[in-house]
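my_file.txt follows (compact mmCIF, N, CA and C atoms):
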```
# COMPACT_ATOMS: atom_id res chain seq x y z
N MET A 1 -27.52 42.46 86.74
CA MET A 1 -26.39 42.77 85.90
C MET A 1 -26.13 44.27 85.99
N THR A 2 -24.87 44.62 86.14
CA THR A 2 -24.49 46.03 86.22
C THR A 2 -23.93 46.47 84.88
N PHE A 3 -24.45 47.57 84.35
CA PHE A 3 -23.95 48.12 83.10
C PHE A 3 -22.90 49.17 83.40
N ALA A 4 -21.88 49.24 82.54
CA ALA A 4 -20.82 50.24 82.71
C ALA A 4 -21.38 51.65 82.57
N ILE A 5 -22.35 51.83 81.67
CA ILE A 5 -22.96 53.14 81.44
C ILE A 5 -24.46 52.94 81.30
N ASP A 6 -25.23 53.39 82.27
CA ASP A 6 -26.68 53.24 82.21
C ASP A 6 -27.28 54.11 81.12
N GLY A 7 -28.23 53.55 80.39
CA GLY A 7 -28.98 54.31 79.40
C GLY A 7 -28.34 54.40 78.02
N TRP A 8 -27.16 53.80 77.83
CA TRP A 8 -26.50 53.86 76.52
C TRP A 8 -26.73 52.61 75.69
N PHE A 9 -27.08 51.49 76.35
CA PHE A 9 -27.36 50.25 75.63
C PHE A 9 -28.28 49.39 76.48
N THR A 10 -28.86 48.39 75.82
CA THR A 10 -29.77 47.48 76.49
C THR A 10 -29.45 46.06 76.06
N ILE A 11 -29.76 45.12 76.92
CA ILE A 11 -29.63 43.70 76.59
C ILE A 11 -30.99 43.08 76.88
N ASP A 12 -31.63 42.55 75.82
CA ASP A 12 -32.95 41.95 75.99
C ASP A 12 -33.13 40.80 75.01
N HIS A 13 -34.36 40.40 74.74
CA HIS A 13 -34.63 39.27 73.85
C HIS A 13 -34.11 39.49 72.43
N ASP A 14 -33.89 40.75 72.03
CA ASP A 14 -33.33 41.06 70.71
C ASP A 14 -31.81 41.12 70.72
N GLY A 15 -31.20 40.83 71.86
CA GLY A 15 -29.75 40.90 71.98
C GLY A 15 -29.31 42.26 72.51
N VAL A 16 -28.13 42.68 72.13
CA VAL A 16 -27.56 43.95 72.58
C VAL A 16 -27.91 45.03 71.56
N ARG A 17 -28.42 46.14 72.03
CA ARG A 17 -28.75 47.26 71.15
C ARG A 17 -28.30 48.55 71.81
N LEU A 18 -27.70 49.42 71.02
CA LEU A 18 -27.34 50.75 71.49
C LEU A 18 -28.59 51.62 71.50
N ILE A 19 -28.64 52.55 72.43
CA ILE A 19 -29.76 53.49 72.51
C ILE A 19 -29.24 54.87 72.14
N GLY A 20 -29.81 55.42 71.09
CA GLY A 20 -29.45 56.76 70.66
C GLY A 20 -30.66 57.67 70.79
N THR A 21 -30.55 58.83 70.19
CA THR A 21 -31.70 59.72 70.11
C THR A 21 -31.84 60.21 68.67
N ARG A 22 -33.09 60.47 68.29
CA ARG A 22 -33.41 60.96 66.95
C ARG A 22 -34.19 62.26 67.10
N CYS A 23 -33.81 63.27 66.35
CA CYS A 23 -34.50 64.55 66.37
C CYS A 23 -35.85 64.39 65.67
N ALA A 24 -36.91 64.80 66.34
CA ALA A 24 -38.26 64.72 65.77
C ALA A 24 -38.41 65.67 64.59
N GLY A 25 -37.62 66.74 64.55
CA GLY A 25 -37.74 67.72 63.49
C GLY A 25 -37.05 67.34 62.19
N CYS A 26 -35.80 66.88 62.30
CA CYS A 26 -35.03 66.63 61.07
C CYS A 26 -34.58 65.18 60.90
N GLY A 27 -34.74 64.35 61.95
CA GLY A 27 -34.37 62.94 61.85
C GLY A 27 -32.92 62.63 62.17
N THR A 28 -32.12 63.64 62.54
CA THR A 28 -30.72 63.40 62.87
C THR A 28 -30.62 62.44 64.06
N VAL A 29 -29.76 61.44 63.91
CA VAL A 29 -29.53 60.44 64.96
C VAL A 29 -28.22 60.74 65.64
N CYS A 30 -28.18 60.55 66.97
CA CYS A 30 -26.91 60.72 67.67
C CYS A 30 -26.73 59.64 68.73
N PHE A 31 -25.49 59.37 69.02
CA PHE A 31 -25.08 58.46 70.07
C PHE A 31 -23.81 59.01 70.67
N PRO A 32 -23.71 59.07 71.99
CA PRO A 32 -24.66 58.58 72.98
C PRO A 32 -25.93 59.43 73.00
N PRO A 33 -26.97 58.91 73.67
CA PRO A 33 -28.23 59.66 73.74
C PRO A 33 -28.02 61.00 74.42
N ARG A 34 -28.79 61.98 73.99
CA ARG A 34 -28.66 63.32 74.56
C ARG A 34 -30.02 63.97 74.71
N HIS A 35 -30.02 65.08 75.40
CA HIS A 35 -31.23 65.87 75.61
C HIS A 35 -30.91 67.29 75.19
N GLY A 36 -31.94 68.08 74.96
CA GLY A 36 -31.72 69.48 74.61
C GLY A 36 -31.84 69.71 73.13
N LEU A 37 -30.87 70.41 72.57
CA LEU A 37 -30.91 70.79 71.16
C LEU A 37 -30.45 69.68 70.24
N CYS A 38 -31.03 69.65 69.04
CA CYS A 38 -30.59 68.75 67.99
C CYS A 38 -29.11 69.04 67.70
N PRO A 39 -28.30 67.99 67.47
CA PRO A 39 -26.89 68.22 67.18
C PRO A 39 -26.63 68.83 65.79
N ASP A 40 -27.63 68.81 64.92
CA ASP A 40 -27.48 69.41 63.60
C ASP A 40 -27.67 70.92 63.73
N PRO A 41 -26.63 71.72 63.49
CA PRO A 41 -26.74 73.16 63.69
C PRO A 41 -27.75 73.84 62.76
N ARG A 42 -28.16 73.16 61.70
CA ARG A 42 -29.13 73.73 60.77
C ARG A 42 -30.57 73.56 61.25
N CYS A 43 -30.76 72.74 62.30
CA CYS A 43 -32.12 72.37 62.70
C CYS A 43 -32.68 73.23 63.83
N GLY A 44 -32.09 73.20 64.97
CA GLY A 44 -32.62 73.93 66.12
C GLY A 44 -33.75 73.22 66.84
N GLY A 45 -34.04 71.97 66.46
CA GLY A 45 -35.10 71.21 67.13
C GLY A 45 -34.72 70.90 68.57
N THR A 46 -35.73 70.72 69.39
CA THR A 46 -35.49 70.43 70.81
C THR A 46 -36.16 69.14 71.26
N GLU A 47 -36.85 68.45 70.37
CA GLU A 47 -37.51 67.20 70.74
C GLU A 47 -36.69 66.02 70.24
N LEU A 48 -35.89 65.46 71.15
CA LEU A 48 -35.05 64.31 70.83
C LEU A 48 -35.67 63.08 71.46
N ARG A 49 -35.96 62.08 70.64
CA ARG A 49 -36.63 60.87 71.12
C ARG A 49 -35.65 59.70 71.15
N ALA A 50 -35.72 58.89 72.20
CA ALA A 50 -34.87 57.70 72.30
C ALA A 50 -35.20 56.75 71.15
N CYS A 51 -34.16 56.10 70.62
CA CYS A 51 -34.35 55.12 69.56
C CYS A 51 -33.29 54.02 69.68
N ARG A 52 -33.67 52.82 69.29
CA ARG A 52 -32.73 51.70 69.27
C ARG A 52 -31.98 51.77 67.95
N LEU A 53 -30.67 51.63 68.03
CA LEU A 53 -29.83 51.71 66.84
C LEU A 53 -29.60 50.32 66.26
N PRO A 54 -29.22 50.24 64.99
CA PRO A 54 -28.98 48.93 64.36
C PRO A 54 -27.92 48.15 65.14
N GLY A 55 -28.07 46.84 65.17
CA GLY A 55 -27.13 45.97 65.88
C GLY A 55 -25.97 45.50 65.05
N ARG A 56 -25.92 45.92 63.79
CA ARG A 56 -24.82 45.54 62.89
C ARG A 56 -24.31 46.77 62.15
N GLY A 57 -23.05 46.70 61.79
CA GLY A 57 -22.46 47.77 61.00
C GLY A 57 -21.17 47.30 60.37
N ARG A 58 -20.51 48.22 59.67
CA ARG A 58 -19.26 47.88 58.98
C ARG A 58 -18.11 48.69 59.55
N VAL A 59 -16.95 48.03 59.64
CA VAL A 59 -15.76 48.68 60.17
C VAL A 59 -15.42 49.88 59.30
N TRP A 60 -15.31 51.02 59.94
CA TRP A 60 -14.94 52.27 59.28
C TRP A 60 -13.46 52.55 59.52
N SER A 61 -12.99 52.20 60.72
CA SER A 61 -11.59 52.33 61.10
C SER A 61 -11.34 51.46 62.32
N TYR A 62 -10.09 51.17 62.61
CA TYR A 62 -9.78 50.35 63.79
C TYR A 62 -8.35 50.58 64.24
N THR A 63 -8.10 50.21 65.49
CA THR A 63 -6.77 50.34 66.08
C THR A 63 -6.73 49.45 67.32
N ASN A 64 -5.60 49.51 68.03
CA ASN A 64 -5.55 48.84 69.32
C ASN A 64 -4.96 49.80 70.34
N ALA A 65 -5.26 49.54 71.59
CA ALA A 65 -4.73 50.33 72.71
C ALA A 65 -3.67 49.46 73.38
N CYS A 66 -2.41 49.79 73.14
CA CYS A 66 -1.30 48.97 73.64
C CYS A 66 -0.87 49.33 75.05
N TYR A 67 -1.40 50.42 75.58
CA TYR A 67 -1.04 50.87 76.92
C TYR A 67 -2.28 50.89 77.79
N PRO A 68 -2.14 50.54 79.07
CA PRO A 68 -3.32 50.57 79.94
C PRO A 68 -3.84 51.99 80.12
N PRO A 69 -5.15 52.12 80.32
CA PRO A 69 -5.71 53.46 80.51
C PRO A 69 -5.29 54.01 81.87
N PRO A 70 -5.21 55.34 81.99
CA PRO A 70 -4.85 55.94 83.27
C PRO A 70 -6.02 55.86 84.26
N ALA A 71 -5.70 56.01 85.53
CA ALA A 71 -6.74 56.07 86.57
C ALA A 71 -7.68 57.21 86.24
N PRO A 72 -8.95 57.09 86.49
CA PRO A 72 -9.62 56.14 87.36
C PRO A 72 -10.04 54.85 86.67
N TYR A 73 -9.70 54.67 85.39
CA TYR A 73 -10.10 53.46 84.68
C TYR A 73 -9.33 52.27 85.22
N VAL A 74 -9.98 51.11 85.22
CA VAL A 74 -9.36 49.90 85.74
C VAL A 74 -8.95 49.03 84.55
N ALA A 75 -7.69 48.63 84.53
CA ALA A 75 -7.17 47.77 83.47
C ALA A 75 -6.94 46.38 84.02
N ALA A 76 -7.03 45.38 83.14
CA ALA A 76 -6.75 44.01 83.54
C ALA A 76 -5.29 43.87 83.92
N GLU A 77 -5.01 42.96 84.84
CA GLU A 77 -3.64 42.65 85.23
C GLU A 77 -3.36 41.19 84.90
N PRO A 78 -2.38 40.87 84.11
CA PRO A 78 -1.54 41.81 83.36
C PRO A 78 -2.32 42.40 82.19
N TYR A 79 -1.92 43.59 81.80
CA TYR A 79 -2.62 44.29 80.73
C TYR A 79 -2.35 43.62 79.38
N GLU A 80 -3.42 43.43 78.61
CA GLU A 80 -3.30 42.95 77.23
C GLU A 80 -3.92 43.99 76.32
N PRO A 81 -3.32 44.26 75.16
CA PRO A 81 -3.88 45.27 74.25
C PRO A 81 -5.35 45.01 73.94
N VAL A 82 -6.10 46.08 73.81
CA VAL A 82 -7.53 46.03 73.52
C VAL A 82 -7.74 46.50 72.09
N THR A 83 -8.54 45.77 71.33
CA THR A 83 -8.86 46.15 69.96
C THR A 83 -10.08 47.06 69.97
N LEU A 84 -10.02 48.15 69.21
CA LEU A 84 -11.10 49.13 69.11
C LEU A 84 -11.49 49.29 67.65
N ALA A 85 -12.78 49.49 67.40
CA ALA A 85 -13.25 49.72 66.03
C ALA A 85 -14.28 50.84 66.02
N ALA A 86 -14.19 51.67 65.00
CA ALA A 86 -15.22 52.65 64.69
C ALA A 86 -16.11 51.97 63.65
N VAL A 87 -17.37 51.76 64.01
CA VAL A 87 -18.28 50.98 63.18
C VAL A 87 -19.38 51.89 62.64
N GLU A 88 -19.52 51.88 61.32
CA GLU A 88 -20.54 52.70 60.67
C GLU A 88 -21.89 51.99 60.71
N LEU A 89 -22.86 52.65 61.31
CA LEU A 89 -24.23 52.16 61.31
C LEU A 89 -24.95 52.90 60.19
N GLU A 90 -24.86 52.34 59.01
CA GLU A 90 -25.32 53.04 57.79
C GLU A 90 -26.77 53.48 57.88
N GLU A 91 -27.65 52.64 58.41
CA GLU A 91 -29.07 53.00 58.51
C GLU A 91 -29.28 54.23 59.38
N ALA A 92 -28.41 54.41 60.38
CA ALA A 92 -28.55 55.53 61.30
C ALA A 92 -27.72 56.74 60.88
N GLY A 93 -26.76 56.54 59.98
CA GLY A 93 -25.93 57.64 59.51
C GLY A 93 -24.88 58.10 60.51
N ILE A 94 -24.43 57.18 61.38
CA ILE A 94 -23.42 57.54 62.39
C ILE A 94 -22.35 56.47 62.47
N VAL A 95 -21.24 56.81 63.12
CA VAL A 95 -20.14 55.89 63.39
C VAL A 95 -19.99 55.81 64.91
N VAL A 96 -19.90 54.57 65.44
CA VAL A 96 -19.82 54.36 66.89
C VAL A 96 -18.53 53.60 67.21
N LEU A 97 -17.76 54.15 68.14
CA LEU A 97 -16.51 53.53 68.58
C LEU A 97 -16.78 52.57 69.71
N GLY A 98 -16.14 51.41 69.68
CA GLY A 98 -16.30 50.45 70.77
C GLY A 98 -15.20 49.41 70.76
N GLN A 99 -15.09 48.71 71.86
CA GLN A 99 -14.13 47.63 71.99
C GLN A 99 -14.57 46.45 71.15
N VAL A 100 -13.61 45.70 70.62
CA VAL A 100 -13.89 44.51 69.82
C VAL A 100 -13.45 43.30 70.62
N THR A 101 -14.30 42.30 70.68
CA THR A 101 -13.97 41.09 71.42
C THR A 101 -13.59 39.97 70.47
N ASP A 102 -12.62 39.19 70.86
CA ASP A 102 -12.17 37.99 70.14
C ASP A 102 -11.58 38.25 68.76
N LEU A 103 -11.20 39.49 68.46
CA LEU A 103 -10.53 39.82 67.21
C LEU A 103 -9.38 40.77 67.51
N THR A 104 -8.32 40.67 66.72
CA THR A 104 -7.20 41.60 66.84
C THR A 104 -7.19 42.51 65.61
N VAL A 105 -6.29 43.49 65.60
CA VAL A 105 -6.20 44.36 64.42
C VAL A 105 -5.80 43.57 63.18
N GLU A 106 -5.11 42.46 63.38
CA GLU A 106 -4.73 41.62 62.23
C GLU A 106 -5.95 40.93 61.61
N ASP A 107 -7.01 40.75 62.39
CA ASP A 107 -8.23 40.09 61.90
C ASP A 107 -9.20 41.05 61.22
N LEU A 108 -9.09 42.35 61.53
CA LEU A 108 -10.05 43.33 61.05
C LEU A 108 -9.65 43.92 59.70
N GLU A 109 -10.64 44.38 58.97
CA GLU A 109 -10.40 45.15 57.75
C GLU A 109 -11.55 46.11 57.55
N VAL A 110 -11.26 47.23 56.94
CA VAL A 110 -12.30 48.23 56.67
C VAL A 110 -13.37 47.58 55.79
N GLY A 111 -14.63 47.79 56.16
CA GLY A 111 -15.76 47.23 55.43
C GLY A 111 -16.27 45.92 55.99
N MET A 112 -15.52 45.31 56.90
CA MET A 112 -15.92 44.04 57.51
C MET A 112 -17.17 44.25 58.36
N GLU A 113 -18.11 43.30 58.31
CA GLU A 113 -19.33 43.44 59.09
C GLU A 113 -19.11 42.94 60.52
N LEU A 114 -19.54 43.75 61.48
CA LEU A 114 -19.50 43.40 62.89
C LEU A 114 -20.90 43.53 63.47
N GLU A 115 -21.12 42.85 64.59
CA GLU A 115 -22.40 42.96 65.28
C GLU A 115 -22.15 43.21 66.76
N LEU A 116 -23.18 43.74 67.40
CA LEU A 116 -23.06 44.04 68.83
C LEU A 116 -23.14 42.78 69.67
N THR A 117 -22.39 42.80 70.75
CA THR A 117 -22.45 41.81 71.80
C THR A 117 -22.15 42.57 73.08
N SER A 118 -21.96 41.87 74.16
CA SER A 118 -21.54 42.54 75.39
C SER A 118 -20.54 41.66 76.11
N GLY A 119 -19.82 42.28 77.00
CA GLY A 119 -18.84 41.55 77.80
C GLY A 119 -18.44 42.40 78.98
N PRO A 120 -17.77 41.79 79.95
CA PRO A 120 -17.37 42.55 81.14
C PRO A 120 -16.11 43.36 80.89
N LEU A 121 -16.08 44.53 81.49
CA LEU A 121 -14.84 45.31 81.54
C LEU A 121 -13.95 44.71 82.63
N ALA A 122 -12.72 45.18 82.72
CA ALA A 122 -11.77 44.62 83.69
C ALA A 122 -12.28 44.67 85.12
N ASP A 123 -13.08 45.70 85.45
CA ASP A 123 -13.59 45.82 86.82
C ASP A 123 -15.00 45.23 86.99
N GLY A 124 -15.52 44.53 85.96
CA GLY A 124 -16.74 43.76 86.12
C GLY A 124 -17.99 44.19 85.40
N PRO A 125 -18.31 45.50 85.29
CA PRO A 125 -19.59 45.84 84.66
C PRO A 125 -19.64 45.48 83.18
N GLN A 126 -20.86 45.22 82.69
CA GLN A 126 -21.07 44.90 81.28
C GLN A 126 -20.96 46.14 80.41
N MET A 127 -20.40 45.95 79.22
CA MET A 127 -20.26 47.03 78.25
C MET A 127 -20.57 46.45 76.87
N TRP A 128 -21.12 47.29 75.99
CA TRP A 128 -21.34 46.81 74.62
C TRP A 128 -19.97 46.64 73.98
N MET A 129 -19.89 45.69 73.08
CA MET A 129 -18.67 45.42 72.34
C MET A 129 -19.06 44.96 70.94
N TRP A 130 -18.10 44.99 70.06
CA TRP A 130 -18.30 44.50 68.70
C TRP A 130 -17.67 43.13 68.55
N ARG A 131 -18.26 42.29 67.69
CA ARG A 131 -17.69 40.98 67.35
C ARG A 131 -17.96 40.71 65.88
N ARG A 132 -17.28 39.68 65.36
CA ARG A 132 -17.50 39.28 63.98
C ARG A 132 -18.97 38.91 63.81
N ALA A 133 -19.59 39.40 62.74
CA ALA A 133 -21.00 39.09 62.48
C ALA A 133 -21.15 37.61 62.14
N SER A 134 -22.22 37.02 62.68
CA SER A 134 -22.45 35.59 62.42
C SER A 134 -23.33 35.39 61.21
```

Final structure tokens representation of the file:
Amino acid sequence: MTFAIDGWFTIDHDGVRLIGTRCAGCGTVCFPPRHGLCPDPRCGGTELRACRLPGRGRVWSYTNACYPPPAPYVAAEPYEPVTLAAVELEEAGIVVLGQVTDLTVEDLEVGMELELTSGPLADGPQMWMWRRAS
């Protein structure tokens, strides 16, 4: 299986999980994973450890993309609008933006619970996506 972005998510026996990093000094979590300095300007820590992020969260905001993305991105033909949601992972203290599968903006509402899944992008590789929580 080919992932759209290596090292940002995993698919295993626990399902789909995002991979972030946590600062060993202050506990700040970030996504996508990073190296170097802690993103919290008050900390200055340099030891960022990989961590699996929660697989569920609540819709913080949402929209749709009614126009195909510009090159080099590959869009489906014919293009159909893509639903996007910013999902708050409360346990981690962050909001993660991602595509939503099988739901439109008419189906979503702020506070609605979503869970991670995966699906293919228009050009084939797997990407994490959000879906209605079961």

Who sits within 6 Å of segment 75-82 of chain A, only N, CA and C atoms, same chain under 6 positions skipped, as an NGL selection string: :A and (63-69 or 122)

Would you mind exporting the chosen residues as a PDB file, in the frame of the given file, restricted to N, CA and C atoms?
```
ATOM      1  N   THR A  63      -8.100  50.210  65.490  1.00  0.00           N
ATOM      2  CA  THR A  63      -6.770  50.340  66.080  1.00  0.00           C
ATOM      3  C   THR A  63      -6.730  49.450  67.320  1.00  0.00           C
ATOM      4  N   ASN A  64      -5.600  49.510  68.030  1.00  0.00           N
ATOM      5  CA  ASN A  64      -5.550  48.840  69.320  1.00  0.00           C
ATOM      6  C   ASN A  64      -4.960  49.800  70.340  1.00  0.00           C
ATOM      7  N   ALA A  65      -5.260  49.540  71.590  1.00  0.00           N
ATOM      8  CA  ALA A  65      -4.730  50.330  72.710  1.00  0.00           C
ATOM      9  C   ALA A  65      -3.670  49.460  73.380  1.00  0.00           C
ATOM     10  N   CYS A  66      -2.410  49.790  73.140  1.00  0.00           N
ATOM     11  CA  CYS A  66      -1.300  48.970  73.640  1.00  0.00           C
ATOM     12  C   CYS A  66      -0.870  49.330  75.050  1.00  0.00           C
ATOM     13  N   TYR A  67      -1.400  50.420  75.580  1.00  0.00           N
ATOM     14  CA  TYR A  67      -1.040  50.870  76.920  1.00  0.00           C
ATOM     15  C   TYR A  67      -2.280  50.890  77.790  1.00  0.00           C
ATOM     16  N   PRO A  68      -2.140  50.540  79.070  1.00  0.00           N
ATOM     17  CA  PRO A  68      -3.320  50.570  79.940  1.00  0.00           C
ATOM     18  C   PRO A  68      -3.840  51.990  80.120  1.00  0.00           C
ATOM     19  N   PRO A  69      -5.150  52.120  80.320  1.00  0.00           N
ATOM     20  CA  PRO A  69      -5.710  53.460  80.510  1.00  0.00           C
ATOM     21  C   PRO A  69      -5.290  54.010  81.870  1.00  0.00           C
ATOM     22  N   ALA A 122     -12.720  45.180  82.720  1.00  0.00           N
ATOM     23  CA  ALA A 122     -11.770  44.620  83.690  1.00  0.00           C
ATOM     24  C   ALA A 122     -12.280  44.670  85.120  1.00  0.00           C
TER      25      ALA A 122
END
```

Nearest-residue call for Ala92 of chain A, choices A:Thr2, A:Ser61, A:Thr10, A:Thr28, using only C-alpha atoms: A:Thr28

For atom N of Met112 of chain A and atom C of Pro54 of chain A, the interatomic separation in Å (one decimal):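 Rounded to one decimal, the two atoms are 15.2 Å apart.
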
Nearest residue to Gly55 of chain A from the set A:His35, A:Arg17, A:Arg22, A:Arg42 (distances using only N, CA and C atoms): A:Arg17

Which of A:Gly20, A:Cys30, A:Val74, A:Phe3 sits closest to Trp128 of chain A [using only N, CA and C atoms]: A:Phe3

Residue with smallest distance to Met1 of chain A - pool A:Gln126, A:Ile19, A:Arg132, A:Val59, counting all atoms listed in the file: A:Gln126
